[in-house]
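Enquirer: Dropping in data-v5.cif, which is mmCIF, C-alpha atoms:
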data_input
loop_
_atom_site.group_PDB
_atom_site.id
_atom_site.type_symbol
_atom_site.label_atom_id
_atom_site.label_comp_id
_atom_site.auth_asym_id
_atom_site.auth_seq_id
_atom_site.Cartn_x
_atom_site.Cartn_y
_atom_site.Cartn_z
ATOM 1 C CA MET F 1 -1.816 -4.122 -29.597
ATOM 2 C CA LYS F 2 0.664 -5.641 -27.155
ATOM 3 C CA THR F 3 -0.525 -5.894 -23.551
ATOM 4 C CA PHE F 4 1.587 -3.833 -21.156
ATOM 5 C CA ASN F 5 3.853 -6.083 -19.101
ATOM 6 C CA ARG F 6 4.691 -4.285 -15.850
ATOM 7 C CA LYS F 7 7.578 -6.558 -14.835
ATOM 8 C CA GLU F 8 9.145 -6.467 -18.299
ATOM 9 C CA HIS F 9 8.958 -2.664 -18.300
ATOM 10 C CA TRP F 10 10.828 -2.315 -15.001
ATOM 11 C CA GLU F 11 13.424 -4.964 -15.802
ATOM 12 C CA THR F 12 14.198 -2.986 -18.969
ATOM 13 C CA ILE F 13 14.460 0.292 -17.042
ATOM 14 C CA TYR F 14 16.894 -1.148 -14.511
ATOM 15 C CA SER F 15 18.887 -2.952 -17.190
ATOM 16 C CA THR F 16 19.386 0.142 -19.337
ATOM 17 C CA LYS F 17 19.547 3.138 -16.958
ATOM 18 C CA ALA F 18 22.140 4.009 -14.355
ATOM 19 C CA LEU F 19 21.199 4.809 -10.764
ATOM 20 C CA ASN F 20 21.206 8.573 -11.366
ATOM 21 C CA GLU F 21 19.467 8.339 -14.754
ATOM 22 C CA VAL F 22 16.008 7.721 -13.296
ATOM 23 C CA SER F 23 13.813 10.599 -12.165
ATOM 24 C CA TRP F 24 13.160 9.181 -8.683
ATOM 25 C CA TYR F 25 16.881 9.053 -7.823
ATOM 26 C CA GLN F 26 17.457 10.563 -4.382
ATOM 27 C CA PRO F 27 20.950 10.598 -2.810
ATOM 28 C CA THR F 28 19.550 11.007 0.735
ATOM 29 C CA PRO F 29 15.942 9.927 1.405
ATOM 30 C CA GLU F 30 15.494 12.422 4.259
ATOM 31 C CA THR F 31 11.675 12.413 4.386
ATOM 32 C CA SER F 32 11.514 8.622 4.486
ATOM 33 C CA LEU F 33 14.220 8.337 7.146
ATOM 34 C CA GLU F 34 12.554 10.987 9.316
ATOM 35 C CA PHE F 35 9.200 9.204 9.093
ATOM 36 C CA ILE F 36 10.700 5.852 10.095
ATOM 37 C CA LYS F 37 12.690 7.393 12.959
ATOM 38 C CA ASN F 38 9.582 9.144 14.314
ATOM 39 C CA ASN F 39 7.219 6.181 13.988
ATOM 40 C CA ILE F 40 9.199 3.179 15.085
ATOM 41 C CA VAL F 41 9.465 2.161 18.728
ATOM 42 C CA SER F 42 12.532 -0.060 18.430
ATOM 43 C CA LYS F 43 15.196 -0.519 15.756
ATOM 44 C CA ASP F 44 14.390 -4.249 15.878
ATOM 45 C CA GLU F 45 10.840 -3.718 14.579
ATOM 46 C CA ALA F 46 10.041 -4.856 11.053
ATOM 47 C CA ILE F 47 10.172 -2.368 8.161
ATOM 48 C CA ILE F 48 9.149 -3.099 4.570
ATOM 49 C CA ASP F 49 10.159 -0.784 1.709
ATOM 50 C CA ILE F 50 7.817 -1.218 -1.252
ATOM 51 C CA GLY F 51 9.494 -0.670 -4.617
ATOM 52 C CA GLY F 52 12.791 -0.099 -2.843
ATOM 53 C CA GLY F 53 14.640 -1.180 -5.985
ATOM 54 C CA ASP F 54 18.153 0.123 -5.745
ATOM 55 C CA SER F 55 17.258 3.220 -3.707
ATOM 56 C CA PHE F 56 19.572 4.259 -0.875
ATOM 57 C CA LEU F 57 16.966 3.934 1.896
ATOM 58 C CA VAL F 58 18.120 0.424 2.822
ATOM 59 C CA ASP F 59 21.757 1.621 3.026
ATOM 60 C CA TYR F 60 20.832 4.366 5.497
ATOM 61 C CA LEU F 61 18.616 2.073 7.571
ATOM 62 C CA ILE F 62 21.365 -0.533 7.904
ATOM 63 C CA GLU F 63 23.880 2.168 8.786
ATOM 64 C CA ALA F 64 21.493 3.571 11.428
ATOM 65 C CA GLY F 65 21.242 0.154 13.087
ATOM 66 C CA TYR F 66 17.807 -1.057 12.023
ATOM 67 C CA THR F 67 17.899 -4.861 12.096
ATOM 68 C CA ASP F 68 14.671 -6.066 10.410
ATOM 69 C CA ILE F 69 14.478 -4.562 6.913
ATOM 70 C CA THR F 70 12.678 -6.033 3.910
ATOM 71 C CA VAL F 71 12.969 -4.568 0.410
ATOM 72 C CA LEU F 72 10.349 -5.561 -2.155
ATOM 73 C CA ASP F 73 10.605 -4.716 -5.840
ATOM 74 C CA ILE F 74 9.104 -6.036 -9.056
ATOM 75 C CA SER F 75 12.524 -5.858 -10.738
ATOM 76 C CA GLU F 76 15.081 -8.561 -10.052
ATOM 77 C CA LYS F 77 17.681 -6.381 -11.770
ATOM 78 C CA ALA F 78 17.021 -3.489 -9.362
ATOM 79 C CA ILE F 79 17.494 -5.738 -6.353
ATOM 80 C CA GLU F 80 20.653 -7.274 -7.875
ATOM 81 C CA ARG F 81 22.071 -3.771 -8.231
ATOM 82 C CA ALA F 82 21.257 -2.885 -4.622
ATOM 83 C CA LYS F 83 22.846 -6.094 -3.326
ATOM 84 C CA LEU F 84 25.961 -5.492 -5.385
ATOM 85 C CA ARG F 85 26.289 -1.964 -4.027
ATOM 86 C CA LEU F 86 25.761 -3.068 -0.416
ATOM 87 C CA GLY F 87 28.191 -5.988 -0.572
ATOM 88 C CA GLU F 88 28.272 -7.865 2.751
ATOM 89 C CA ASN F 89 25.639 -5.509 4.171
ATOM 90 C CA ALA F 90 23.104 -6.953 1.711
ATOM 91 C CA LYS F 91 22.844 -9.943 4.082
ATOM 92 C CA LYS F 92 21.383 -7.587 6.706
ATOM 93 C CA ALA F 93 18.170 -7.160 4.690
ATOM 94 C CA THR F 94 15.524 -9.505 3.279
ATOM 95 C CA TRP F 95 14.931 -9.170 -0.457
ATOM 96 C CA ILE F 96 11.673 -9.998 -2.247
ATOM 97 C CA VAL F 97 11.233 -9.899 -6.033
ATOM 98 C CA GLN F 98 7.484 -9.490 -6.461
ATOM 99 C CA ASP F 99 4.795 -7.377 -8.098
ATOM 100 C CA ILE F 100 3.208 -5.625 -5.104
ATOM 101 C CA THR F 101 -0.295 -6.521 -6.327
ATOM 102 C CA GLN F 102 0.674 -10.227 -6.116
ATOM 103 C CA PHE F 103 2.478 -10.015 -2.769
ATOM 104 C CA LYS F 104 1.308 -12.461 -0.088
ATOM 105 C CA PRO F 105 2.777 -11.261 3.223
ATOM 106 C CA GLU F 106 3.931 -14.106 5.449
ATOM 107 C CA ARG F 107 4.467 -11.884 8.475
ATOM 108 C CA LYS F 108 3.470 -8.528 9.978
ATOM 109 C CA TYR F 109 5.415 -5.288 9.725
ATOM 110 C CA ALA F 110 5.532 -2.220 11.970
ATOM 111 C CA ILE F 111 6.332 0.136 9.074
ATOM 112 C CA TRP F 112 5.176 0.092 5.435
ATOM 113 C CA HIS F 113 7.094 2.570 3.280
ATOM 114 C CA ASP F 114 6.332 3.406 -0.336
ATOM 115 C CA ARG F 115 7.868 6.329 -2.159
ATOM 116 C CA ALA F 116 6.881 6.467 -5.849
ATOM 117 C CA VAL F 117 5.307 3.055 -6.428
ATOM 118 C CA PHE F 118 1.631 3.583 -5.666
ATOM 119 C CA HIS F 119 1.055 6.185 -8.414
ATOM 120 C CA PHE F 120 2.044 3.617 -11.067
ATOM 121 C CA LEU F 121 -1.053 1.566 -10.217
ATOM 122 C CA THR F 122 -3.800 2.974 -12.421
ATOM 123 C CA ASP F 123 -6.199 0.027 -12.608
ATOM 124 C CA PRO F 124 -8.891 0.161 -9.854
ATOM 125 C CA GLU F 125 -8.461 -3.561 -9.207
ATOM 126 C CA ASP F 126 -4.707 -3.142 -8.649
ATOM 127 C CA ILE F 127 -5.327 -0.199 -6.317
ATOM 128 C CA GLN F 128 -7.790 -2.267 -4.312
ATOM 129 C CA LYS F 129 -5.308 -5.165 -4.116
ATOM 130 C CA TYR F 130 -2.614 -2.785 -2.882
ATOM 131 C CA THR F 131 -4.835 -1.389 -0.124
ATOM 132 C CA GLN F 132 -5.812 -4.898 1.010
ATOM 133 C CA ILE F 133 -2.233 -6.179 0.969
ATOM 134 C CA SER F 134 -0.888 -3.202 2.930
ATOM 135 C CA ALA F 135 -3.613 -3.705 5.564
ATOM 136 C CA LEU F 136 -2.824 -7.413 5.758
ATOM 137 C CA ALA F 137 0.913 -6.806 6.075
ATOM 138 C CA LEU F 138 0.792 -4.229 8.857
ATOM 139 C CA GLU F 139 0.376 -5.043 12.511
ATOM 140 C CA GLU F 140 -2.299 -3.267 14.558
ATOM 141 C CA LYS F 141 -1.344 0.403 14.915
ATOM 142 C CA GLY F 142 1.412 -0.171 12.334
ATOM 143 C CA LYS F 143 2.367 2.913 10.339
ATOM 144 C CA LYS F 144 2.313 3.440 6.582
ATOM 145 C CA LEU F 145 3.912 6.243 4.554
ATOM 146 C CA ILE F 146 2.846 6.735 0.957
ATOM 147 C CA GLY F 147 4.706 9.225 -1.235
ATOM 148 C CA THR F 148 2.982 9.690 -4.570
ATOM 149 C CA PHE F 149 2.588 12.283 -7.316
ATOM 150 C CA SER F 150 0.236 15.102 -6.356
ATOM 151 C CA GLU F 151 -2.267 16.800 -8.669
ATOM 152 C CA SER F 152 0.522 19.294 -9.418
ATOM 153 C CA GLY F 153 2.982 16.508 -10.218
ATOM 154 C CA PRO F 154 3.745 14.715 -13.496
ATOM 155 C CA LYS F 155 1.037 12.898 -15.441
ATOM 156 C CA LYS F 156 3.521 10.338 -16.755
ATOM 157 C CA CYS F 157 6.718 8.826 -15.414
ATOM 158 C CA SER F 158 9.177 6.343 -16.872
ATOM 159 C CA GLY F 159 7.250 6.565 -20.151
ATOM 160 C CA ILE F 160 3.966 5.312 -18.674
ATOM 161 C CA GLU F 161 0.765 6.842 -17.304
ATOM 162 C CA ILE F 162 0.475 7.381 -13.568
ATOM 163 C CA ARG F 163 -2.363 8.324 -11.208
ATOM 164 C CA GLN F 164 -2.200 11.645 -9.390
ATOM 165 C CA TYR F 165 -3.540 12.095 -5.856
ATOM 166 C CA SER F 166 -4.842 14.869 -3.667
ATOM 167 C CA GLU F 167 -4.885 14.682 0.122
ATOM 168 C CA ASN F 168 -8.585 13.777 0.017
ATOM 169 C CA THR F 169 -8.315 11.056 -2.636
ATOM 170 C CA LEU F 170 -5.354 9.444 -0.881
ATOM 171 C CA LYS F 171 -7.161 9.430 2.475
ATOM 172 C CA LYS F 172 -10.317 8.080 0.862
ATOM 173 C CA THR F 173 -8.396 5.256 -0.844
ATOM 174 C CA PHE F 174 -7.202 3.882 2.488
ATOM 175 C CA GLU F 175 -10.093 4.864 4.786
ATOM 176 C CA GLY F 176 -11.338 1.275 5.188
ATOM 177 C CA ASP F 177 -8.359 0.052 7.223
ATOM 178 C CA PHE F 178 -6.320 3.133 8.071
ATOM 179 C CA ILE F 179 -6.551 6.332 10.091
ATOM 180 C CA PRO F 180 -4.808 9.270 8.342
ATOM 181 C CA LEU F 181 -2.151 10.962 10.465
ATOM 182 C CA GLU F 182 -0.493 13.672 8.377
ATOM 183 C CA CYS F 183 -0.223 14.844 4.767
ATOM 184 C CA PHE F 184 2.262 17.277 3.266
ATOM 185 C CA PHE F 185 3.663 18.263 -0.117
ATOM 186 C CA GLU F 186 7.272 18.087 -1.204
ATOM 187 C CA ASN F 187 9.121 19.042 -4.362
ATOM 188 C CA HIS F 188 11.556 16.439 -5.624
ATOM 189 C CA ILE F 189 14.335 17.742 -7.874
ATOM 190 C CA THR F 190 15.192 15.077 -10.440
ATOM 191 C CA PRO F 191 18.731 14.439 -11.763
ATOM 192 C CA PHE F 192 17.594 16.356 -14.872
ATOM 193 C CA ASP F 193 16.807 19.502 -12.809
ATOM 194 C CA THR F 194 13.056 19.167 -13.254
ATOM 195 C CA VAL F 195 10.626 19.446 -10.333
ATOM 196 C CA GLN F 196 8.149 16.717 -9.356
ATOM 197 C CA ASN F 197 5.548 17.572 -6.723
ATOM 198 C CA PHE F 198 4.819 14.721 -4.320
ATOM 199 C CA ILE F 199 2.172 14.334 -1.670
ATOM 200 C CA PHE F 200 3.197 12.268 1.346
ATOM 201 C CA CYS F 201 0.523 10.879 3.643
ATOM 202 C CA SER F 202 1.058 8.789 6.742
ATOM 203 C CA PHE F 203 -1.522 6.383 8.151
ATOM 204 C CA GLU F 204 -2.052 4.156 11.159
ATOM 205 C CA LYS F 205 -3.571 0.688 10.840
ATOM 206 C CA LYS F 206 -6.913 0.518 12.649
#
Translate the structure described by the file into structure tokens.

Expert:
Amino acid sequence: MKTFNRKEHWETIYSTKALNEVSWYQPTPETSLEFIKNNIVSKDEAIIDIGGGDSFLVDYLIEAGYTDITVLDISEKAIERAKLRLGENAKKATWIVQDITQFKPERKYAIWHDRAVFHFLTDPEDIQKYTQISALALEEKGKKLIGTFSESGPKKCSGIEIRQYSENTLKKTFEGDFIPLECFFENHITPFDTVQNFIFCSFEKK
């Protein structure tokens, strides 16, 4: 049996599907933008978007005047697509092609944003790596927003298994380094008119 290759999987997805042919497509990332606006002191503070791929969050942040934006994604193809779309504006962001579980932050961020990456990590070791890396990357009192499939959400996405979370399990996962701030549920309507239930939880670095 062939071992699952996470990078290969996502390069294939972004090489074969258009922007609006993936379930996580979101024309306006309102929840993410609202969180960043409410939790950042200055537009010059550092923001990192985990699994940003070719989502529109970076476009909106640049347009709103944020000056220190980093987008990390496992897929080089996804980042190529985002840069192409942004044109000259692509130079206003920092781009990192990296599996999040292998990421070695070289600086501190004020905001860690992740919508729809964390639930793809199903191996306990990968989950532990993620929690450690996010703690390492955030400055003291830095804020983190995780948007992941709830227990009412899908059990699979993009053809692979995911891990569902409740408010309690999400809080417990990050309790070592983070204080939970707020959790809420949100229905995401996919381009195929199906509903995916997300839980969003925000945290503050201890």

Enquirer: Care to translate the PyMOL selection byres ((chain F and resi 146-151) around 7) into actual residues of this file, as a PDB file with C-alpha atoms, in the coordinates of the input?

Expert:
ATOM      1  CA  HIS F 113       7.094   2.570   3.280  1.00  0.00           C
ATOM      2  CA  ASP F 114       6.332   3.406  -0.336  1.00  0.00           C
ATOM      3  CA  ARG F 115       7.868   6.329  -2.159  1.00  0.00           C
ATOM      4  CA  ALA F 116       6.881   6.467  -5.849  1.00  0.00           C
ATOM      5  CA  PHE F 118       1.631   3.583  -5.666  1.00  0.00           C
ATOM      6  CA  HIS F 119       1.055   6.185  -8.414  1.00  0.00           C
ATOM      7  CA  LYS F 144       2.313   3.440   6.582  1.00  0.00           C
ATOM      8  CA  LEU F 145       3.912   6.243   4.554  1.00  0.00           C
ATOM      9  CA  SER F 152       0.522  19.294  -9.418  1.00  0.00           C
ATOM     10  CA  GLY F 153       2.982  16.508 -10.218  1.00  0.00           C
ATOM     11  CA  PRO F 154       3.745  14.715 -13.496  1.00  0.00           C
ATOM     12  CA  GLN F 164      -2.200  11.645  -9.390  1.00  0.00           C
ATOM     13  CA  TYR F 165      -3.540  12.095  -5.856  1.00  0.00           C
ATOM     14  CA  SER F 166      -4.842  14.869  -3.667  1.00  0.00           C
ATOM     15  CA  ASN F 197       5.548  17.572  -6.723  1.00  0.00           C
ATOM     16  CA  PHE F 198       4.819  14.721  -4.320  1.00  0.00           C
ATOM     17  CA  ILE F 199       2.172  14.334  -1.670  1.00  0.00           C
ATOM     18  CA  PHE F 200       3.197  12.268   1.346  1.00  0.00           C
ATOM     19  CA  CYS F 201       0.523  10.879   3.643  1.00  0.00           C
ATOM     20  CA  SER F 202       1.058   8.789   6.742  1.00  0.00           C
TER      21      SER F 202
END

Enquirer: What residues come out when you apply the PyMOL selection byres ((chain F and resi 11-16) around 6) to this file, written as a list in words?

Expert: Glu8, His9, Trp10, Lys17, Ser75, Lys77 and Ala78 of chain F

Enquirer: Please identify all polymer residues within 10 Å of Leu57 in chain F, counting only C-alpha atoms, omitting same-chain residues fewer than 2 positions from it, and present them as a list in words.

Expert: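 Selected residues are Gln26, Pro27, Thr28, Pro29, Glu30, Ser32, Leu33, Asp49, Gly52, Gly53, Asp54, Ser55, Asp59, Tyr60, Leu61, Ile62, Glu63 and Val71 of chain F.
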
Enquirer: Next, dump the selected residues to file, keeping only C-alpha atoms, as a CSV table (one decimal), in the frame of the given file.

Expert:
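File produced: result_4.csv:
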chain,number,residue,atom,x,y,z
F,26,GLN,CA,17.5,10.6,-4.4
F,27,PRO,CA,21.0,10.6,-2.8
F,28,THR,CA,19.6,11.0,0.7
F,29,PRO,CA,15.9,9.9,1.4
F,30,GLU,CA,15.5,12.4,4.3
F,32,SER,CA,11.5,8.6,4.5
F,33,LEU,CA,14.2,8.3,7.1
F,49,ASP,CA,10.2,-0.8,1.7
F,52,GLY,CA,12.8,-0.1,-2.8
F,53,GLY,CA,14.6,-1.2,-6.0
F,54,ASP,CA,18.2,0.1,-5.7
F,55,SER,CA,17.3,3.2,-3.7
F,59,ASP,CA,21.8,1.6,3.0
F,60,TYR,CA,20.8,4.4,5.5
F,61,LEU,CA,18.6,2.1,7.6
F,62,ILE,CA,21.4,-0.5,7.9
F,63,GLU,CA,23.9,2.2,8.8
F,71,VAL,CA,13.0,-4.6,0.4

Enquirer: Mind pulling up the distance from CA of Ile50 in chain F to CA of Gln196 in chain F?

Expert: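 These atoms are spaced 19.7 Å apart.
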
Enquirer: Using only C-alpha atoms, which residue out of F:Ala110, F:Ile48, F:Leu19, F:Asn5 lies closest to Thr190 in chain F?

Expert: F:Leu19

Enquirer: Quick one: apply the PyMOL selection byres ((chain F and resi 85) around 12) to the file and drop the selected residues here as a PyMOL selection string.

Expert: chain F and resi 19+53-56+58-59+78-84+86-91

Enquirer: Here is a test: counting all atoms listed in the file, which residue of F:Arg107, F:Asp193, F:Asp99, F:Lys143 is nearest to Asp126 in chain F?

Expert: F:Asp99

Enquirer: State, in Å with one decimal place, the distance from CA of Glu139 in chain F to CA of Glu167 in chain F.

Expert: 23.9 Å

Enquirer: In terms of the shortest atom-to-atom distance over all atoms listed in the file, which of F:Lys7, F:Asp68, F:Glu175, F:Tyr109 is closest to Leu136 in chain F?

Expert: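 Smallest separation from Leu136 in chain F among the options: F:Tyr109.
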
Enquirer: Residues within 10 Å of Val195 in chain F, please, as number ranges by chain. Count only C-alpha atoms; anything in the same chain fewer than 6 positions from it doesn't count.

Expert: F: 23, 153-154, 186-189

Enquirer: F:Ile47, F:Val41, F:Ile160, F:Ala93: which is nearest Trp112 in chain F, counting all atoms listed in the file?

Expert: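 Among the listed residues, F:Ile47 lies closest to Trp112 in chain F.
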
Enquirer: Looking at all atoms listed in the file, which of F:Gln98, F:Pro180, F:Thr169, F:Ala64 is the one that sits closest to Glu76 in chain F?

Expert: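 Of F:Gln98, F:Pro180, F:Thr169, F:Ala64, the one nearest Glu76 in chain F is F:Gln98, counting all atoms listed in the file.
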
Enquirer: Show me that you can extract range 21-48 of chain F, keeping N, CA, C and O atoms, and write it as a PDB file, in the first residue's frame.

Expert:
ATOM      1  N   GLU F  21     -13.648  25.481  -7.307  1.00  0.00           N
ATOM      2  CA  GLU F  21     -13.983  24.050  -7.388  1.00  0.00           C
ATOM      3  C   GLU F  21     -13.525  23.287  -6.155  1.00  0.00           C
ATOM      4  O   GLU F  21     -13.536  22.073  -6.139  1.00  0.00           O
ATOM      5  N   VAL F  22     -13.103  24.029  -5.121  1.00  0.00           N
ATOM      6  CA  VAL F  22     -12.728  23.382  -3.860  1.00  0.00           C
ATOM      7  C   VAL F  22     -13.731  23.804  -2.801  1.00  0.00           C
ATOM      8  O   VAL F  22     -14.224  24.937  -2.806  1.00  0.00           O
ATOM      9  N   SER F  23     -14.030  22.886  -1.875  1.00  0.00           N
ATOM     10  CA  SER F  23     -15.132  23.129  -0.938  1.00  0.00           C
ATOM     11  C   SER F  23     -14.882  24.309  -0.003  1.00  0.00           C
ATOM     12  O   SER F  23     -15.809  24.949   0.473  1.00  0.00           O
ATOM     13  N   TRP F  24     -13.604  24.617   0.268  1.00  0.00           N
ATOM     14  CA  TRP F  24     -13.309  25.691   1.225  1.00  0.00           C
ATOM     15  C   TRP F  24     -13.327  27.081   0.598  1.00  0.00           C
ATOM     16  O   TRP F  24     -13.087  28.068   1.274  1.00  0.00           O
ATOM     17  N   TYR F  25     -13.601  27.153  -0.700  1.00  0.00           N
ATOM     18  CA  TYR F  25     -13.647  28.443  -1.403  1.00  0.00           C
ATOM     19  C   TYR F  25     -14.596  29.407  -0.691  1.00  0.00           C
ATOM     20  O   TYR F  25     -15.722  29.067  -0.335  1.00  0.00           O
ATOM     21  N   GLN F  26     -14.129  30.624  -0.495  1.00  0.00           N
ATOM     22  CA  GLN F  26     -14.891  31.640   0.236  1.00  0.00           C
ATOM     23  C   GLN F  26     -14.592  33.007  -0.392  1.00  0.00           C
ATOM     24  O   GLN F  26     -13.485  33.524  -0.252  1.00  0.00           O
ATOM     25  N   PRO F  27     -15.557  33.594  -1.111  1.00  0.00           N
ATOM     26  CA  PRO F  27     -15.289  34.864  -1.793  1.00  0.00           C
ATOM     27  C   PRO F  27     -14.856  35.981  -0.837  1.00  0.00           C
ATOM     28  O   PRO F  27     -13.971  36.758  -1.148  1.00  0.00           O
ATOM     29  N   THR F  28     -15.512  36.060   0.337  1.00  0.00           N
ATOM     30  CA  THR F  28     -15.149  37.069   1.340  1.00  0.00           C
ATOM     31  C   THR F  28     -14.964  36.393   2.691  1.00  0.00           C
ATOM     32  O   THR F  28     -15.941  35.924   3.279  1.00  0.00           O
ATOM     33  N   PRO F  29     -13.743  36.341   3.206  1.00  0.00           N
ATOM     34  CA  PRO F  29     -13.492  35.661   4.486  1.00  0.00           C
ATOM     35  C   PRO F  29     -13.850  36.549   5.681  1.00  0.00           C
ATOM     36  O   PRO F  29     -12.994  36.999   6.444  1.00  0.00           O
ATOM     37  N   GLU F  30     -15.145  36.810   5.851  1.00  0.00           N
ATOM     38  CA  GLU F  30     -15.611  37.805   6.828  1.00  0.00           C
ATOM     39  C   GLU F  30     -15.193  37.471   8.265  1.00  0.00           C
ATOM     40  O   GLU F  30     -14.735  38.350   9.002  1.00  0.00           O
ATOM     41  N   THR F  31     -15.350  36.211   8.665  1.00  0.00           N
ATOM     42  CA  THR F  31     -15.029  35.826  10.044  1.00  0.00           C
ATOM     43  C   THR F  31     -13.544  36.062  10.334  1.00  0.00           C
ATOM     44  O   THR F  31     -13.184  36.595  11.383  1.00  0.00           O
ATOM     45  N   SER F  32     -12.707  35.671   9.403  1.00  0.00           N
ATOM     46  CA  SER F  32     -11.263  35.823   9.567  1.00  0.00           C
ATOM     47  C   SER F  32     -10.875  37.304   9.632  1.00  0.00           C
ATOM     48  O   SER F  32     -10.074  37.714  10.485  1.00  0.00           O
ATOM     49  N   LEU F  33     -11.441  38.102   8.753  1.00  0.00           N
ATOM     50  CA  LEU F  33     -11.127  39.531   8.716  1.00  0.00           C
ATOM     51  C   LEU F  33     -11.569  40.229  10.003  1.00  0.00           C
ATOM     52  O   LEU F  33     -10.859  41.074  10.550  1.00  0.00           O
ATOM     53  N   GLU F  34     -12.745  39.848  10.482  1.00  0.00           N
ATOM     54  CA  GLU F  34     -13.285  40.436  11.720  1.00  0.00           C
ATOM     55  C   GLU F  34     -12.391  40.101  12.912  1.00  0.00           C
ATOM     56  O   GLU F  34     -12.089  40.950  13.749  1.00  0.00           O
ATOM     57  N   PHE F  35     -11.936  38.847  12.958  1.00  0.00           N
ATOM     58  CA  PHE F  35     -11.057  38.419  14.055  1.00  0.00           C
ATOM     59  C   PHE F  35      -9.764  39.225  14.044  1.00  0.00           C
ATOM     60  O   PHE F  35      -9.315  39.720  15.085  1.00  0.00           O
ATOM     61  N   ILE F  36      -9.157  39.352  12.874  1.00  0.00           N
ATOM     62  CA  ILE F  36      -7.883  40.080  12.770  1.00  0.00           C
ATOM     63  C   ILE F  36      -8.078  41.548  13.158  1.00  0.00           C
ATOM     64  O   ILE F  36      -7.310  42.104  13.942  1.00  0.00           O
ATOM     65  N   LYS F  37      -9.143  42.153  12.642  1.00  0.00           N
ATOM     66  CA  LYS F  37      -9.420  43.565  12.939  1.00  0.00           C
ATOM     67  C   LYS F  37      -9.589  43.786  14.446  1.00  0.00           C
ATOM     68  O   LYS F  37      -9.099  44.775  15.001  1.00  0.00           O
ATOM     69  N   ASN F  38     -10.259  42.843  15.107  1.00  0.00           N
ATOM     70  CA  ASN F  38     -10.559  43.001  16.537  1.00  0.00           C
ATOM     71  C   ASN F  38      -9.398  42.630  17.457  1.00  0.00           C
ATOM     72  O   ASN F  38      -9.432  42.914  18.652  1.00  0.00           O
ATOM     73  N   ASN F  39      -8.387  41.953  16.928  1.00  0.00           N
ATOM     74  CA  ASN F  39      -7.325  41.439  17.792  1.00  0.00           C
ATOM     75  C   ASN F  39      -5.933  41.966  17.477  1.00  0.00           C
ATOM     76  O   ASN F  39      -4.965  41.528  18.092  1.00  0.00           O
ATOM     77  N   ILE F  40      -5.868  42.894  16.570  1.00  0.00           N
ATOM     78  CA  ILE F  40      -4.556  43.441  16.223  1.00  0.00           C
ATOM     79  C   ILE F  40      -4.493  44.903  16.681  1.00  0.00           C
ATOM     80  O   ILE F  40      -5.472  45.636  16.563  1.00  0.00           O
ATOM     81  N   VAL F  41      -3.381  45.282  17.248  1.00  0.00           N
ATOM     82  CA  VAL F  41      -3.246  46.639  17.785  1.00  0.00           C
ATOM     83  C   VAL F  41      -2.911  47.620  16.663  1.00  0.00           C
ATOM     84  O   VAL F  41      -3.462  48.710  16.586  1.00  0.00           O
ATOM     85  N   SER F  42      -1.994  47.190  15.782  1.00  0.00           N
ATOM     86  CA  SER F  42      -1.538  48.065  14.707  1.00  0.00           C
ATOM     87  C   SER F  42      -1.506  47.275  13.396  1.00  0.00           C
ATOM     88  O   SER F  42      -1.240  46.077  13.401  1.00  0.00           O
ATOM     89  N   LYS F  43      -1.753  47.950  12.303  1.00  0.00           N
ATOM     90  CA  LYS F  43      -1.732  47.281  10.991  1.00  0.00           C
ATOM     91  C   LYS F  43      -0.316  46.904  10.563  1.00  0.00           C
ATOM     92  O   LYS F  43      -0.128  46.267   9.535  1.00  0.00           O
ATOM     93  N   ASP F  44       0.682  47.322  11.349  1.00  0.00           N
ATOM     94  CA  ASP F  44       2.070  46.945  11.069  1.00  0.00           C
ATOM     95  C   ASP F  44       2.493  45.686  11.821  1.00  0.00           C
ATOM     96  O   ASP F  44       3.617  45.219  11.657  1.00  0.00           O
ATOM     97  N   GLU F  45       1.609  45.140  12.652  1.00  0.00           N
ATOM     98  CA  GLU F  45       1.946  43.917  13.390  1.00  0.00           C
ATOM     99  C   GLU F  45       1.923  42.713  12.443  1.00  0.00           C
ATOM    100  O   GLU F  45       1.246  42.728  11.413  1.00  0.00           O
ATOM    101  N   ALA F  46       2.658  41.680  12.837  1.00  0.00           N
ATOM    102  CA  ALA F  46       2.848  40.528  11.954  1.00  0.00           C
ATOM    103  C   ALA F  46       1.682  39.530  12.035  1.00  0.00           C
ATOM    104  O   ALA F  46       1.271  39.127  13.122  1.00  0.00           O
ATOM    105  N   ILE F  47       1.202  39.147  10.869  1.00  0.00           N
ATOM    106  CA  ILE F  47       0.104  38.175  10.726  1.00  0.00           C
ATOM    107  C   ILE F  47       0.623  37.005   9.908  1.00  0.00           C
ATOM    108  O   ILE F  47       1.265  37.206   8.875  1.00  0.00           O
ATOM    109  N   ILE F  48       0.324  35.773  10.348  1.00  0.00           N
ATOM    110  CA  ILE F  48       0.632  34.609   9.511  1.00  0.00           C
ATOM    111  C   ILE F  48      -0.655  33.831   9.249  1.00  0.00           C
ATOM    112  O   ILE F  48      -1.432  33.555  10.167  1.00  0.00           O
TER     113      ILE F  48
END
